[in-house]
Amino acid sequence: MKDKKIYLVPIGKVRREILEDLKENLPLTFPYLFEIGEEIPIPENSWNIKRNQYLSTPFLDKLSKLELEYVFKILGVTEVDLYVPYLNYIFGQAKIRGREALISLARLSNTFYGLPEDLRLLKKRALKEAVHELGHTFGLEHCFNPKCVMFFSNSIKDTDDKEEKFCNRCLSIISRFFI
């Protein structure tokens, strides 16, 4: 497994300490090499002035066009607020059984809610969402167990309440990829 790489790609300016924390902690769940890639710009066609948010699909499209050597999966990380047409916002998105996944740090940060910054909590939330979205790339759907990392986060409270790991059911499904 260590010969397969998962790239962490900053989209726009992303705090280096968040990327480094993900690089250090994601291998505890996924037995692959993690590497931080070069920053790429925010897709120009993603801004929605009426919503004051960025549409996420151009981000995934941009990630899918990256030509990275020996890439297995790509996790885009951005600090801008994302949405999809049928939801008010998203913490992340992924292509089910695909190569690309994406997380947004915007609503994972306490400062979004007018609270003091808490870098430790932001790193913890980012890790949960990264594991969740990468789980989708391995074919996992949303889980009904509210403690499982694959539980759908409808709010930041859902993210805070779930754990950073897969429940036994989800682990039994995803672990076949790690053999």
# chains A, B, ... in the order shown; residues from 1 in each chain; ligands from 1
>>> residues_around(residues="Val14 in chain A", least_positions_apart="4", cutoff="7 Å", atoms="only C-alpha atoms", output="ChimeraX atom specification")
/A:10,78-79
>>> write_last_selection(atoms="C-alpha atoms", output="PDB file, in the first residue's frame")
ATOM      1  CA  PRO A  10      -4.508  23.140  -1.459  1.00  0.00           C
ATOM      2  CA  THR A  78      -9.871  24.846   0.493  1.00  0.00           C
ATOM      3  CA  GLU A  79     -10.751  27.585   2.947  1.00  0.00           C
TER       4      GLU A  79
END
>>> residues_around(residues="Val84 in chain A", least_positions_apart="2", cutoff="8 Å", atoms="only C-alpha atoms", output="ChimeraX atom specification")
/A:55-57,82,86-90
>>> residues_around(residues="range 114-128 of chain A", least_positions_apart="6", cutoff="8 Å", atoms="only C-alpha atoms", output="list of chain:residue names")
A:Ile18, A:Asp21, A:Leu22, A:Asn25, A:Leu26, A:Ile103, A:Leu105, A:Leu108, A:Val149, A:Thr159, A:Asp160, A:Glu163, A:Glu164, A:Lys165
>>> write_last_selection(atoms="C-alpha atoms", output="PDB file, in the first residue's frame")
ATOM      1  CA  ILE A  18      -3.788  22.112   8.586  1.00  0.00           C
ATOM      2  CA  ASP A  21      -1.749  17.766  10.326  1.00  0.00           C
ATOM      3  CA  LEU A  22      -3.785  15.915   7.690  1.00  0.00           C
ATOM      4  CA  ASN A  25      -2.884  11.823  10.766  1.00  0.00           C
ATOM      5  CA  LEU A  26      -4.632  10.439   7.670  1.00  0.00           C
ATOM      6  CA  ILE A 103     -13.110  19.470   1.950  1.00  0.00           C
ATOM      7  CA  LEU A 105     -12.350  24.495   6.139  1.00  0.00           C
ATOM      8  CA  LEU A 108     -15.201  23.920  10.199  1.00  0.00           C
ATOM      9  CA  VAL A 149     -17.152   9.160  10.595  1.00  0.00           C
ATOM     10  CA  THR A 159     -19.226  16.743  12.915  1.00  0.00           C
ATOM     11  CA  ASP A 160     -18.219  17.382  16.527  1.00  0.00           C
ATOM     12  CA  GLU A 163     -15.696  10.077  15.841  1.00  0.00           C
ATOM     13  CA  GLU A 164     -12.675  10.216  13.551  1.00  0.00           C
ATOM     14  CA  LYS A 165     -12.984   6.533  12.687  1.00  0.00           C
TER      15      LYS A 165
END
>>> closest_atom_pairs(of="range 65-117 of chain A", to="range 34-51 of chain A", cutoff="12 Å", atoms="only C-alpha atoms", output="tab-separated table")
residue	atom	partner	partner_atom	distance
A:Lys65	CA	A:Ile40	CA	11.6
A:Leu66	CA	A:Ile40	CA	9.7
A:Glu67	CA	A:Gly37	CA	11.4
A:Leu68	CA	A:Gly37	CA	9.1
A:Glu69	CA	A:Gly37	CA	11.2
A:Tyr70	CA	A:Glu35	CA	11.3
A:Val71	CA	A:Glu35	CA	10.0
A:Phe72	CA	A:Phe34	CA	10.1
A:Lys73	CA	A:Phe34	CA	9.5
A:Ile74	CA	A:Gly37	CA	9.4
A:Leu75	CA	A:Ile36	CA	9.6
A:Gly76	CA	A:Ile40	CA	9.4
A:Val77	CA	A:Glu39	CA	9.5
A:Thr78	CA	A:Ile42	CA	8.4
A:Glu79	CA	A:Ile42	CA	10.0
A:Val80	CA	A:Ile42	CA	8.9
A:Asp81	CA	A:Trp47	CA	9.9
A:Leu82	CA	A:Ser46	CA	9.2
A:Tyr83	CA	A:Arg51	CA	8.9
A:Val84	CA	A:Ser46	CA	10.6
A:Pro85	CA	A:Arg51	CA	10.4
A:Leu87	CA	A:Arg51	CA	11.5
A:Asn88	CA	A:Arg51	CA	9.0
A:Tyr89	CA	A:Arg51	CA	9.9
>>> write_last_selection(atoms="N, CA and C atoms", output="PDB file, in the first residue's frame")
ATOM      1  N   LYS A  65      -8.581  16.958 -13.434  1.00  0.00           N
ATOM      2  CA  LYS A  65      -7.720  17.262 -14.578  1.00  0.00           C
ATOM      3  C   LYS A  65      -6.236  17.333 -14.207  1.00  0.00           C
ATOM      4  N   LEU A  66      -5.947  17.209 -12.911  1.00  0.00           N
ATOM      5  CA  LEU A  66      -4.549  17.254 -12.485  1.00  0.00           C
ATOM      6  C   LEU A  66      -3.819  16.006 -12.965  1.00  0.00           C
ATOM      7  N   GLU A  67      -2.681  16.227 -13.562  1.00  0.00           N
ATOM      8  CA  GLU A  67      -1.853  15.107 -14.005  1.00  0.00           C
ATOM      9  C   GLU A  67      -0.740  14.927 -12.985  1.00  0.00           C
ATOM     10  N   LEU A  68      -0.994  14.026 -12.041  1.00  0.00           N
ATOM     11  CA  LEU A  68      -0.034  13.768 -10.980  1.00  0.00           C
ATOM     12  C   LEU A  68       0.519  12.362 -11.147  1.00  0.00           C
ATOM     13  N   GLU A  69       1.810  12.230 -11.039  1.00  0.00           N
ATOM     14  CA  GLU A  69       2.463  10.945 -11.214  1.00  0.00           C
ATOM     15  C   GLU A  69       2.125  10.014 -10.058  1.00  0.00           C
ATOM     16  N   TYR A  70       1.756   8.793 -10.387  1.00  0.00           N
ATOM     17  CA  TYR A  70       1.466   7.741  -9.407  1.00  0.00           C
ATOM     18  C   TYR A  70       0.346   8.106  -8.440  1.00  0.00           C
ATOM     19  N   VAL A  71      -0.593   8.908  -8.872  1.00  0.00           N
ATOM     20  CA  VAL A  71      -1.673   9.326  -7.978  1.00  0.00           C
ATOM     21  C   VAL A  71      -2.695   8.209  -7.838  1.00  0.00           C
ATOM     22  N   PHE A  72      -3.137   8.005  -6.613  1.00  0.00           N
ATOM     23  CA  PHE A  72      -4.175   7.023  -6.313  1.00  0.00           C
ATOM     24  C   PHE A  72      -5.480   7.749  -6.001  1.00  0.00           C
ATOM     25  N   LYS A  73      -5.397   8.706  -5.101  1.00  0.00           N
ATOM     26  CA  LYS A  73      -6.533   9.554  -4.731  1.00  0.00           C
ATOM     27  C   LYS A  73      -6.023  10.981  -4.575  1.00  0.00           C
ATOM     28  N   ILE A  74      -6.933  11.943  -4.714  1.00  0.00           N
ATOM     29  CA  ILE A  74      -6.603  13.355  -4.520  1.00  0.00           C
ATOM     30  C   ILE A  74      -7.626  13.945  -3.557  1.00  0.00           C
ATOM     31  N   LEU A  75      -7.135  14.594  -2.523  1.00  0.00           N
ATOM     32  CA  LEU A  75      -7.999  15.314  -1.588  1.00  0.00           C
ATOM     33  C   LEU A  75      -7.697  16.796  -1.703  1.00  0.00           C
ATOM     34  N   GLY A  76      -8.630  17.543  -2.278  1.00  0.00           N
ATOM     35  CA  GLY A  76      -8.505  18.988  -2.341  1.00  0.00           C
ATOM     36  C   GLY A  76      -8.913  19.592  -1.008  1.00  0.00           C
ATOM     37  N   VAL A  77      -8.197  20.612  -0.583  1.00  0.00           N
ATOM     38  CA  VAL A  77      -8.499  21.308   0.670  1.00  0.00           C
ATOM     39  C   VAL A  77      -8.579  22.793   0.345  1.00  0.00           C
ATOM     40  N   THR A  78      -9.689  23.416   0.739  1.00  0.00           N
ATOM     41  CA  THR A  78      -9.871  24.846   0.493  1.00  0.00           C
ATOM     42  C   THR A  78     -10.399  25.520   1.749  1.00  0.00           C
ATOM     43  N   GLU A  79     -10.237  26.824   1.803  1.00  0.00           N
ATOM     44  CA  GLU A  79     -10.751  27.585   2.947  1.00  0.00           C
ATOM     45  C   GLU A  79     -11.989  28.399   2.585  1.00  0.00           C
ATOM     46  N   VAL A  80     -12.475  28.250   1.345  1.00  0.00           N
ATOM     47  CA  VAL A  80     -13.662  29.010   0.942  1.00  0.00           C
ATOM     48  C   VAL A  80     -14.926  28.195   1.231  1.00  0.00           C
ATOM     49  N   ASP A  81     -16.038  28.906   1.368  1.00  0.00           N
ATOM     50  CA  ASP A  81     -17.331  28.305   1.684  1.00  0.00           C
ATOM     51  C   ASP A  81     -17.926  27.671   0.421  1.00  0.00           C
ATOM     52  N   LEU A  82     -18.279  26.393   0.503  1.00  0.00           N
ATOM     53  CA  LEU A  82     -18.778  25.633  -0.644  1.00  0.00           C
ATOM     54  C   LEU A  82     -20.257  25.296  -0.523  1.00  0.00           C
ATOM     55  N   TYR A  83     -20.871  25.075  -1.675  1.00  0.00           N
ATOM     56  CA  TYR A  83     -22.257  24.607  -1.711  1.00  0.00           C
ATOM     57  C   TYR A  83     -22.458  23.712  -2.925  1.00  0.00           C
ATOM     58  N   VAL A  84     -23.556  22.978  -2.899  1.00  0.00           N
ATOM     59  CA  VAL A  84     -24.093  22.288  -4.072  1.00  0.00           C
ATOM     60  C   VAL A  84     -25.525  22.795  -4.207  1.00  0.00           C
ATOM     61  N   PRO A  85     -26.110  22.736  -5.390  1.00  0.00           N
ATOM     62  CA  PRO A  85     -27.414  23.356  -5.614  1.00  0.00           C
ATOM     63  C   PRO A  85     -28.529  22.938  -4.645  1.00  0.00           C
ATOM     64  N   LEU A  87     -28.222  21.979  -1.429  1.00  0.00           N
ATOM     65  CA  LEU A  87     -27.913  22.190  -0.011  1.00  0.00           C
ATOM     66  C   LEU A  87     -27.437  23.629   0.212  1.00  0.00           C
ATOM     67  N   ASN A  88     -27.651  24.136   1.415  1.00  0.00           N
ATOM     68  CA  ASN A  88     -27.208  25.490   1.752  1.00  0.00           C
ATOM     69  C   ASN A  88     -25.685  25.603   1.781  1.00  0.00           C
ATOM     70  N   TYR A  89     -25.024  24.535   2.196  1.00  0.00           N
ATOM     71  CA  TYR A  89     -23.567  24.497   2.268  1.00  0.00           C
ATOM     72  C   TYR A  89     -23.127  23.045   2.376  1.00  0.00           C
TER      73      TYR A  89
END
>>> select_by_dssp(residues="range 4-179 of chain A", states="strand (DSSP E or B)", output="number ranges by chain")
A: 5-11, 33-36, 40, 47-48, 53-55, 71-78, 82-83, 90, 92-94, 100-104, 143, 151
>>> residues_around(residues="His132 in chain A", least_positions_apart="6", cutoff="9 Å", atoms="only C-alpha atoms", output="JSON, numbers by chain")
{"A": [92, 140, 142, 149, 150, 151, 152, 164, 165, 166]}
>>> write_last_selection(atoms="N, CA and C atoms", output="PDB file, in the first residue's frame")
ATOM      1  N   GLY A  92     -17.792  19.135   2.548  1.00  0.00           N
ATOM      2  CA  GLY A  92     -16.956  18.450   1.580  1.00  0.00           C
ATOM      3  C   GLY A  92     -17.796  17.697   0.569  1.00  0.00           C
ATOM      4  N   LEU A 140     -17.791   3.983   0.189  1.00  0.00           N
ATOM      5  CA  LEU A 140     -18.675   4.036   1.352  1.00  0.00           C
ATOM      6  C   LEU A 140     -19.764   5.092   1.158  1.00  0.00           C
ATOM      7  N   HIS A 142     -23.204   7.121   3.157  1.00  0.00           N
ATOM      8  CA  HIS A 142     -23.436   7.655   4.499  1.00  0.00           C
ATOM      9  C   HIS A 142     -23.928   6.550   5.413  1.00  0.00           C
ATOM     10  N   VAL A 149     -17.663   8.044  11.390  1.00  0.00           N
ATOM     11  CA  VAL A 149     -17.152   9.160  10.595  1.00  0.00           C
ATOM     12  C   VAL A 149     -17.926   9.311   9.283  1.00  0.00           C
ATOM     13  N   MET A 150     -18.603   8.261   8.837  1.00  0.00           N
ATOM     14  CA  MET A 150     -19.366   8.323   7.589  1.00  0.00           C
ATOM     15  C   MET A 150     -20.795   8.832   7.794  1.00  0.00           C
ATOM     16  N   PHE A 151     -21.155   9.190   9.009  1.00  0.00           N
ATOM     17  CA  PHE A 151     -22.461   9.798   9.274  1.00  0.00           C
ATOM     18  C   PHE A 151     -22.509  11.162   8.572  1.00  0.00           C
ATOM     19  N   PHE A 152     -23.644  11.471   7.940  1.00  0.00           N
ATOM     20  CA  PHE A 152     -23.787  12.742   7.241  1.00  0.00           C
ATOM     21  C   PHE A 152     -23.846  13.891   8.244  1.00  0.00           C
ATOM     22  N   GLU A 164     -13.588  10.096  14.694  1.00  0.00           N
ATOM     23  CA  GLU A 164     -12.675  10.216  13.551  1.00  0.00           C
ATOM     24  C   GLU A 164     -12.484   8.887  12.831  1.00  0.00           C
ATOM     25  N   LYS A 165     -13.213   7.863  13.252  1.00  0.00           N
ATOM     26  CA  LYS A 165     -12.984   6.533  12.687  1.00  0.00           C
ATOM     27  C   LYS A 165     -14.285   5.924  12.185  1.00  0.00           C
ATOM     28  N   PHE A 166     -14.126   4.835  11.422  1.00  0.00           N
ATOM     29  CA  PHE A 166     -15.265   4.110  10.877  1.00  0.00           C
ATOM     30  C   PHE A 166     -15.875   3.208  11.942  1.00  0.00           C
TER      31      PHE A 166
END
>>> atom_distance(atom1="CA of Glu129 in chain A", atom2="CA of Glu20 in chain A")
15.3 Å
>>> atom_distance(atom1="CA of Ser109 in chain A", atom2="CA of Lys157 in chain A")
12.3 Å
>>> decode(residues="range 12-57 of chain A", atoms="N, CA and C atoms", output="PDB file, in the first residue's frame")
ATOM      1  N   GLY A  12      -6.447  27.410  -3.551  1.00  0.00           N
ATOM      2  CA  GLY A  12      -6.376  28.735  -2.958  1.00  0.00           C
ATOM      3  C   GLY A  12      -5.456  28.674  -1.741  1.00  0.00           C
ATOM      4  N   LYS A  13      -5.395  29.745  -1.006  1.00  0.00           N
ATOM      5  CA  LYS A  13      -4.540  29.781   0.191  1.00  0.00           C
ATOM      6  C   LYS A  13      -5.130  28.883   1.272  1.00  0.00           C
ATOM      7  N   VAL A  14      -4.315  27.966   1.788  1.00  0.00           N
ATOM      8  CA  VAL A  14      -4.716  27.057   2.865  1.00  0.00           C
ATOM      9  C   VAL A  14      -3.595  27.055   3.896  1.00  0.00           C
ATOM     10  N   ARG A  15      -3.969  27.165   5.156  1.00  0.00           N
ATOM     11  CA  ARG A  15      -2.960  27.178   6.219  1.00  0.00           C
ATOM     12  C   ARG A  15      -2.134  25.889   6.193  1.00  0.00           C
ATOM     13  N   ARG A  16      -0.839  26.054   6.141  1.00  0.00           N
ATOM     14  CA  ARG A  16       0.086  24.916   6.037  1.00  0.00           C
ATOM     15  C   ARG A  16      -0.064  23.955   7.220  1.00  0.00           C
ATOM     16  N   GLU A  17      -0.318  24.480   8.419  1.00  0.00           N
ATOM     17  CA  GLU A  17      -0.414  23.599   9.595  1.00  0.00           C
ATOM     18  C   GLU A  17      -1.596  22.632   9.494  1.00  0.00           C
ATOM     19  N   ILE A  18      -2.648  23.020   8.791  1.00  0.00           N
ATOM     20  CA  ILE A  18      -3.788  22.112   8.586  1.00  0.00           C
ATOM     21  C   ILE A  18      -3.378  20.993   7.633  1.00  0.00           C
ATOM     22  N   LEU A  19      -2.714  21.357   6.539  1.00  0.00           N
ATOM     23  CA  LEU A  19      -2.248  20.356   5.573  1.00  0.00           C
ATOM     24  C   LEU A  19      -1.257  19.395   6.217  1.00  0.00           C
ATOM     25  N   GLU A  20      -0.337  19.916   7.006  1.00  0.00           N
ATOM     26  CA  GLU A  20       0.653  19.068   7.682  1.00  0.00           C
ATOM     27  C   GLU A  20      -0.018  18.117   8.669  1.00  0.00           C
ATOM     28  N   ASP A  21      -1.029  18.612   9.375  1.00  0.00           N
ATOM     29  CA  ASP A  21      -1.749  17.766  10.326  1.00  0.00           C
ATOM     30  C   ASP A  21      -2.484  16.632   9.601  1.00  0.00           C
ATOM     31  N   LEU A  22      -3.111  16.950   8.475  1.00  0.00           N
ATOM     32  CA  LEU A  22      -3.785  15.915   7.690  1.00  0.00           C
ATOM     33  C   LEU A  22      -2.769  14.893   7.177  1.00  0.00           C
ATOM     34  N   LYS A  23      -1.635  15.373   6.689  1.00  0.00           N
ATOM     35  CA  LYS A  23      -0.595  14.475   6.175  1.00  0.00           C
ATOM     36  C   LYS A  23      -0.102  13.527   7.268  1.00  0.00           C
ATOM     37  N   GLU A  24      -0.020  14.027   8.473  1.00  0.00           N
ATOM     38  CA  GLU A  24       0.467  13.225   9.598  1.00  0.00           C
ATOM     39  C   GLU A  24      -0.583  12.238  10.102  1.00  0.00           C
ATOM     40  N   ASN A  25      -1.856  12.641  10.114  1.00  0.00           N
ATOM     41  CA  ASN A  25      -2.884  11.823  10.766  1.00  0.00           C
ATOM     42  C   ASN A  25      -3.707  10.932   9.836  1.00  0.00           C
ATOM     43  N   LEU A  26      -3.849  11.289   8.579  1.00  0.00           N
ATOM     44  CA  LEU A  26      -4.632  10.439   7.670  1.00  0.00           C
ATOM     45  C   LEU A  26      -4.048   9.038   7.490  1.00  0.00           C
ATOM     46  N   PRO A  27      -2.713   8.851   7.517  1.00  0.00           N
ATOM     47  CA  PRO A  27      -2.183   7.484   7.402  1.00  0.00           C
ATOM     48  C   PRO A  27      -2.556   6.571   8.574  1.00  0.00           C
ATOM     49  N   LEU A  28      -3.050   7.142   9.672  1.00  0.00           N
ATOM     50  CA  LEU A  28      -3.515   6.313  10.779  1.00  0.00           C
ATOM     51  C   LEU A  28      -4.803   5.581  10.407  1.00  0.00           C
ATOM     52  N   THR A  29      -5.521   6.098   9.425  1.00  0.00           N
ATOM     53  CA  THR A  29      -6.756   5.478   8.931  1.00  0.00           C
ATOM     54  C   THR A  29      -6.548   4.802   7.584  1.00  0.00           C
ATOM     55  N   PHE A  30      -5.796   5.440   6.711  1.00  0.00           N
ATOM     56  CA  PHE A  30      -5.577   4.931   5.357  1.00  0.00           C
ATOM     57  C   PHE A  30      -4.103   4.556   5.195  1.00  0.00           C
ATOM     58  N   PRO A  31      -3.801   3.292   4.910  1.00  0.00           N
ATOM     59  CA  PRO A  31      -2.399   2.850   4.845  1.00  0.00           C
ATOM     60  C   PRO A  31      -1.706   3.198   3.527  1.00  0.00           C
ATOM     61  N   TYR A  32      -1.639   4.480   3.243  1.00  0.00           N
ATOM     62  CA  TYR A  32      -1.034   4.958   2.006  1.00  0.00           C
ATOM     63  C   TYR A  32      -0.064   6.090   2.315  1.00  0.00           C
ATOM     64  N   LEU A  33       0.748   6.420   1.325  1.00  0.00           N
ATOM     65  CA  LEU A  33       1.613   7.590   1.425  1.00  0.00           C
ATOM     66  C   LEU A  33       0.781   8.837   1.169  1.00  0.00           C
ATOM     67  N   PHE A  34       0.963   9.847   1.960  1.00  0.00           N
ATOM     68  CA  PHE A  34       0.288  11.124   1.758  1.00  0.00           C
ATOM     69  C   PHE A  34       1.346  12.167   1.438  1.00  0.00           C
ATOM     70  N   GLU A  35       1.050  12.980   0.451  1.00  0.00           N
ATOM     71  CA  GLU A  35       1.980  14.022   0.023  1.00  0.00           C
ATOM     72  C   GLU A  35       1.194  15.308  -0.206  1.00  0.00           C
ATOM     73  N   ILE A  36       1.764  16.419   0.212  1.00  0.00           N
ATOM     74  CA  ILE A  36       1.131  17.718  -0.017  1.00  0.00           C
ATOM     75  C   ILE A  36       1.573  18.226  -1.386  1.00  0.00           C
ATOM     76  N   GLY A  37       0.604  18.470  -2.245  1.00  0.00           N
ATOM     77  CA  GLY A  37       0.892  18.942  -3.594  1.00  0.00           C
ATOM     78  C   GLY A  37       0.990  20.451  -3.661  1.00  0.00           C
ATOM     79  N   GLU A  38       1.212  20.931  -4.851  1.00  0.00           N
ATOM     80  CA  GLU A  38       1.301  22.368  -5.102  1.00  0.00           C
ATOM     81  C   GLU A  38      -0.086  23.004  -5.028  1.00  0.00           C
ATOM     82  N   GLU A  39      -0.124  24.234  -4.548  1.00  0.00           N
ATOM     83  CA  GLU A  39      -1.379  24.990  -4.503  1.00  0.00           C
ATOM     84  C   GLU A  39      -1.879  25.245  -5.922  1.00  0.00           C
ATOM     85  N   ILE A  40      -3.182  25.077  -6.100  1.00  0.00           N
ATOM     86  CA  ILE A  40      -3.811  25.426  -7.375  1.00  0.00           C
ATOM     87  C   ILE A  40      -4.830  26.539  -7.107  1.00  0.00           C
ATOM     88  N   PRO A  41      -5.141  27.346  -8.117  1.00  0.00           N
ATOM     89  CA  PRO A  41      -6.078  28.457  -7.890  1.00  0.00           C
ATOM     90  C   PRO A  41      -7.526  27.990  -7.762  1.00  0.00           C
ATOM     91  N   ILE A  42      -8.307  28.795  -7.104  1.00  0.00           N
ATOM     92  CA  ILE A  42      -9.750  28.550  -6.997  1.00  0.00           C
ATOM     93  C   ILE A  42     -10.344  28.655  -8.404  1.00  0.00           C
ATOM     94  N   PRO A  43     -11.185  27.707  -8.793  1.00  0.00           N
ATOM     95  CA  PRO A  43     -11.770  27.770 -10.147  1.00  0.00           C
ATOM     96  C   PRO A  43     -12.557  29.064 -10.354  1.00  0.00           C
ATOM     97  N   GLU A  44     -12.272  29.740 -11.447  1.00  0.00           N
ATOM     98  CA  GLU A  44     -12.900  31.034 -11.733  1.00  0.00           C
ATOM     99  C   GLU A  44     -14.408  30.923 -11.909  1.00  0.00           C
ATOM    100  N   ASN A  45     -14.880  29.815 -12.437  1.00  0.00           N
ATOM    101  CA  ASN A  45     -16.312  29.653 -12.725  1.00  0.00           C
ATOM    102  C   ASN A  45     -17.109  29.123 -11.534  1.00  0.00           C
ATOM    103  N   SER A  46     -16.528  29.158 -10.347  1.00  0.00           N
ATOM    104  CA  SER A  46     -17.208  28.564  -9.192  1.00  0.00           C
ATOM    105  C   SER A  46     -17.939  29.583  -8.302  1.00  0.00           C
ATOM    106  N   TRP A  47     -17.622  30.855  -8.420  1.00  0.00           N
ATOM    107  CA  TRP A  47     -18.196  31.873  -7.537  1.00  0.00           C
ATOM    108  C   TRP A  47     -19.644  32.164  -7.905  1.00  0.00           C
ATOM    109  N   ASN A  48     -20.520  32.157  -6.881  1.00  0.00           N
ATOM    110  CA  ASN A  48     -21.921  32.520  -7.056  1.00  0.00           C
ATOM    111  C   ASN A  48     -22.159  33.779  -6.230  1.00  0.00           C
ATOM    112  N   ILE A  49     -22.263  34.907  -6.902  1.00  0.00           N
ATOM    113  CA  ILE A  49     -22.386  36.190  -6.214  1.00  0.00           C
ATOM    114  C   ILE A  49     -23.684  36.272  -5.398  1.00  0.00           C
ATOM    115  N   LYS A  50     -24.764  35.647  -5.880  1.00  0.00           N
ATOM    116  CA  LYS A  50     -26.044  35.689  -5.154  1.00  0.00           C
ATOM    117  C   LYS A  50     -25.971  34.937  -3.826  1.00  0.00           C
ATOM    118  N   ARG A  51     -25.222  33.845  -3.809  1.00  0.00           N
ATOM    119  CA  ARG A  51     -25.106  33.024  -2.602  1.00  0.00           C
ATOM    120  C   ARG A  51     -23.923  33.422  -1.740  1.00  0.00           C
ATOM    121  N   ASN A  52     -22.979  34.170  -2.330  1.00  0.00           N
ATOM    122  CA  ASN A  52     -21.745  34.515  -1.634  1.00  0.00           C
ATOM    123  C   ASN A  52     -20.983  33.250  -1.227  1.00  0.00           C
ATOM    124  N   GLN A  53     -21.006  32.268  -2.135  1.00  0.00           N
ATOM    125  CA  GLN A  53     -20.367  30.970  -1.916  1.00  0.00           C
ATOM    126  C   GLN A  53     -19.786  30.469  -3.236  1.00  0.00           C
ATOM    127  N   TYR A  54     -19.039  29.392  -3.125  1.00  0.00           N
ATOM    128  CA  TYR A  54     -18.438  28.756  -4.296  1.00  0.00           C
ATOM    129  C   TYR A  54     -19.112  27.415  -4.565  1.00  0.00           C
ATOM    130  N   LEU A  55     -19.481  27.177  -5.814  1.00  0.00           N
ATOM    131  CA  LEU A  55     -20.027  25.895  -6.239  1.00  0.00           C
ATOM    132  C   LEU A  55     -18.901  24.870  -6.215  1.00  0.00           C
ATOM    133  N   SER A  56     -19.149  23.723  -5.624  1.00  0.00           N
ATOM    134  CA  SER A  56     -18.076  22.747  -5.409  1.00  0.00           C
ATOM    135  C   SER A  56     -17.692  21.947  -6.654  1.00  0.00           C
ATOM    136  N   THR A  57     -18.619  21.727  -7.573  1.00  0.00           N
ATOM    137  CA  THR A  57     -18.308  20.848  -8.707  1.00  0.00           C
ATOM    138  C   THR A  57     -17.134  21.334  -9.563  1.00  0.00           C
TER     139      THR A  57
END
